[in-house]
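This report concerns only the one structure given below.
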Amino acid sequence: MPCEGCMERDNVSTGVTMEFLLLGFSELLHLRVLLFLIFLIVHLITLAGNMMIFMAVVMEPSRSPMLFFLCQLSAIELCYTLVIVPKALLSLLGAKGSTISFLGCAVQMHLFVALGGAECFLLAAMSYDRCMAICHPLRYAALMSEGLCLRLALLCALAASALALGLTVAVFRLPFCRSHSIDHFFCDVPAVLHLACTQNYTPELPLLAACVLLLLLPFLLILASYLCIAVAVLGITSSAGRGKAFSTCISHLAITLLHYGCATFIYIRPKSSYSPARDKAVSLVYTNITPLMYPLIYSLRNKEIRGILRKMLRKKKIAQVNRDTTRAVMCVCGKF
């Protein structure tokens, strides 16, 4: 049953005029400037790292399927941080947090869930790619064609967006209590659900369904792919061959563990165990540190990425030398 003080939204105008207050880190006023600087630096490094990988892969004429998926992953991370971090930085500028409209909160939640879900599906597609590369190396190029990669990427985006839309609509159809203060730095699903004026577990059903489809289903697909990889690796006689096969999966495994570790902690649990302080701490890792780690993991572990980055830097250095030479020649000619 709805609790006392609920605001029933019987018409569209109520939803349009209603606002939420994102409290952010208002309880840490003495650390506000320090947190702002840390967030800003991490945000800029994350944008630079993911943009560098994205541009490096896009400029490469011949891309392997793994590089294609890595390019999609970098694009998702770029959008991911742009959806969350600017509003979080804005909340640190105000002593009492920052306001966000009803529609703005819904859009932010939809984009956040859609991008997170697309990343889950993309990690499943990347695990399938590794499975094909290790289990069927001779037919790998034919099996993982460019057309199939494009279809998989499009399917990941559309499926995640549709599921995110369903979850967002279900959450924002709920009646909210008069206190519209969200103890978070963005419109996360558990934080908004905590404001719902219901005393049963009905509002959690859409979140549970979304978790099953966005988290559990891709996780089972990743697990199935790695079981096939494990069987194929165990069939390799030489230890050097097994090590080489497994090393191609380390980067993907590290990112999968980072992504699913945080997501499982936040979303797969009952509403009664909601803790704002703990959720904000984990969300900091999920929305800031994890996107920062992705370029580092792939640039350090992936030979193709390292080679492309070296090639890009070499081209940039040659272009700079040519520009300097041209300027010097023009200066000399000008004197005569």
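Ordering of the structure tokens sets the chain letters (A, B, ...); residue numbers start at 1 within each chain; ligands are numbered from 1 in the order shown.
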DSSP alpha helix (DSSP H) selection over segment 63-102 of chain A, as a PyMOL selection string: chain A and resi 65-93+102
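Around segment 20-29 of chain A, within 6 Å and counting only C-alpha atoms, the residues found are A:Ser91, A:Lys96, A:Gly97, A:Ser98, A:Thr99, A:Ile100, A:His180, A:Ser181, A:Ile182, A:Asp183, A:His184, A:Phe185, once anything fewer than 4 positions away on its own chain is removed.
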Could those residues be written to a file, using N, CA, C and O atoms, as an mmCIF file, in the first residue's frame?
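Below you can see part_33.cif, which holds the result:
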data_model
loop_
_atom_site.group_PDB
_atom_site.id
_atom_site.type_symbol
_atom_site.label_atom_id
_atom_site.label_comp_id
_atom_site.auth_asym_id
_atom_site.auth_seq_id
_atom_site.Cartn_x
_atom_site.Cartn_y
_atom_site.Cartn_z
ATOM 1 N N SER A 91 26.998 18.572 -8.794
ATOM 2 C CA SER A 91 26.479 18.428 -7.429
ATOM 3 C C SER A 91 27.532 18.790 -6.384
ATOM 4 O O SER A 91 27.192 19.197 -5.269
ATOM 5 N N LYS A 96 24.282 21.940 -1.174
ATOM 6 C CA LYS A 96 23.166 21.039 -0.875
ATOM 7 C C LYS A 96 22.842 20.117 -2.047
ATOM 8 O O LYS A 96 21.727 19.630 -2.169
ATOM 9 N N GLY A 97 23.799 19.880 -2.896
ATOM 10 C CA GLY A 97 23.563 19.011 -4.035
ATOM 11 C C GLY A 97 23.051 19.791 -5.235
ATOM 12 O O GLY A 97 23.149 21.012 -5.298
ATOM 13 N N SER A 98 22.472 19.074 -6.193
ATOM 14 C CA SER A 98 21.934 19.710 -7.404
ATOM 15 C C SER A 98 20.584 19.104 -7.741
ATOM 16 O O SER A 98 20.321 17.933 -7.452
ATOM 17 N N THR A 99 19.732 19.916 -8.351
ATOM 18 C CA THR A 99 18.401 19.447 -8.722
ATOM 19 C C THR A 99 18.423 18.859 -10.126
ATOM 20 O O THR A 99 19.246 19.231 -10.958
ATOM 21 N N ILE A 100 17.505 17.938 -10.359
ATOM 22 C CA ILE A 100 17.337 17.352 -11.690
ATOM 23 C C ILE A 100 15.849 17.156 -11.907
ATOM 24 O O ILE A 100 15.122 16.752 -10.989
ATOM 25 N N HIS A 180 11.772 14.233 -2.105
ATOM 26 C CA HIS A 180 12.356 13.826 -3.390
ATOM 27 C C HIS A 180 13.874 13.927 -3.377
ATOM 28 O O HIS A 180 14.488 14.166 -4.409
ATOM 29 N N SER A 181 14.474 13.770 -2.215
ATOM 30 C CA SER A 181 15.925 13.836 -2.087
ATOM 31 C C SER A 181 16.531 12.465 -2.364
ATOM 32 O O SER A 181 16.274 11.504 -1.626
ATOM 33 N N ILE A 182 17.325 12.372 -3.424
ATOM 34 C CA ILE A 182 17.985 11.123 -3.789
ATOM 35 C C ILE A 182 19.387 11.150 -3.191
ATOM 36 O O ILE A 182 20.210 12.001 -3.557
ATOM 37 N N ASP A 183 19.655 10.242 -2.275
ATOM 38 C CA ASP A 183 20.960 10.207 -1.614
ATOM 39 C C ASP A 183 21.968 9.500 -2.507
ATOM 40 O O ASP A 183 22.450 8.402 -2.210
ATOM 41 N N HIS A 184 22.274 10.154 -3.611
ATOM 42 C CA HIS A 184 23.201 9.602 -4.603
ATOM 43 C C HIS A 184 23.688 10.748 -5.468
ATOM 44 O O HIS A 184 23.174 11.865 -5.360
ATOM 45 N N PHE A 185 24.675 10.488 -6.343
ATOM 46 C CA PHE A 185 25.146 11.541 -7.227
ATOM 47 C C PHE A 185 24.605 11.402 -8.648
ATOM 48 O O PHE A 185 24.951 12.191 -9.525
#
Of the listed residues A:Ile38, A:Val83, A:Ile134, A:Ala141, that which approaches Gly243 of chain A most closely, counting only C-alpha atoms: A:Ile134
Members of segment 14-70 of chain A assigned strand (DSSP E or B) by DSSP, as a VMD selection string: chain A and resid 19 to 22
Best match for closeness to Ala142 of chain A among A:Phe186, A:Ala125, A:Pro65, A:Arg173, counting only C-alpha atoms: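 Result for the nearest residue to Ala142 of chain A: A:Pro65.
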Each residue of segment 5-84 of chain A lying at most 12 Å from segment 150-158 of chain A should get a row with its shortest atom-to-atom pair and the distance in Å to one decimal, counting only C-alpha atoms; could you produce that, ordered by chain and increasing number, as a tab-separated table?
residue	atom	partner	partner_atom	distance
A:Pro65	CA	A:Leu150	CA	9.6
A:Met66	CA	A:Ala153	CA	11.8
A:Phe68	CA	A:Leu150	CA	8.8
A:Phe69	CA	A:Ala153	CA	7.6
A:Leu70	CA	A:Ala153	CA	10.8
A:Cys71	CA	A:Ala153	CA	10.6
A:Gln72	CA	A:Ala153	CA	7.6
A:Leu73	CA	A:Ala153	CA	9.9
A:Ala75	CA	A:Ala157	CA	11.7
A:Ile76	CA	A:Ala157	CA	9.8
Computed interatomic separation between atom CA of Phe102 of chain A and atom CA of Leu115 of chain A (Å): 20.1 Å
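What separates atom CA of His194 of chain A from atom CA of Pro276 of chain A is a distance of 9.7 Å.
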Residues within 9 Å of Leu165 of chain A, only C-alpha atoms, excluding chain neighbours under 6 positions, as number ranges by chain: A: 110-111, 113-114
Residues near Ser101 of chain A, cut-off 7 Å, only C-alpha atoms, skip fewer than 3 positions along chain, as a count of residues only: 5
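Compared by their closest atoms to Leu214 of chain A, and using only C-alpha atoms, the residues A:Met55, A:Ala162, A:Ile84, A:Cys131 rank with A:Ala162 nearest.
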Near-Ala230 of chain A list (12 Å; only C-alpha atoms; drop same-chain fewer than 6 positions) as an MDAnalysis selection string: chainID A and resid 130:131 134:135 223:224 236 242:243 245:246 249
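Each of A:Leu103, A:Ile53, A:Val189, A:Ala160 was compared to Leu215 of chain A using only C-alpha atoms, and A:Ala160 turns out to be the nearest.
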Between atom CA of Ala56 of chain A and atom CA of Tyr298 of chain A - distance in Å to one decimal: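 One can read the atom CA of Tyr298 of chain A to atom CA of Ala56 of chain A distance as 12.6 Å.
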Non-local contacts of Ala48 of chain A (12 Å; only C-alpha atoms; under 2 positions in same chain excluded) as a list of chain:residue names: A:Ile41, A:Val42, A:His43, A:Leu44, A:Ile45, A:Thr46, A:Asn50, A:Met51, A:Met52, A:Ile53, A:Phe54, A:Met55, A:Ala56, A:Ser74, A:Ala75, A:Glu77, A:Leu78, A:Thr81, A:Pro291, A:Leu292, A:Tyr294, A:Pro295, A:Leu296
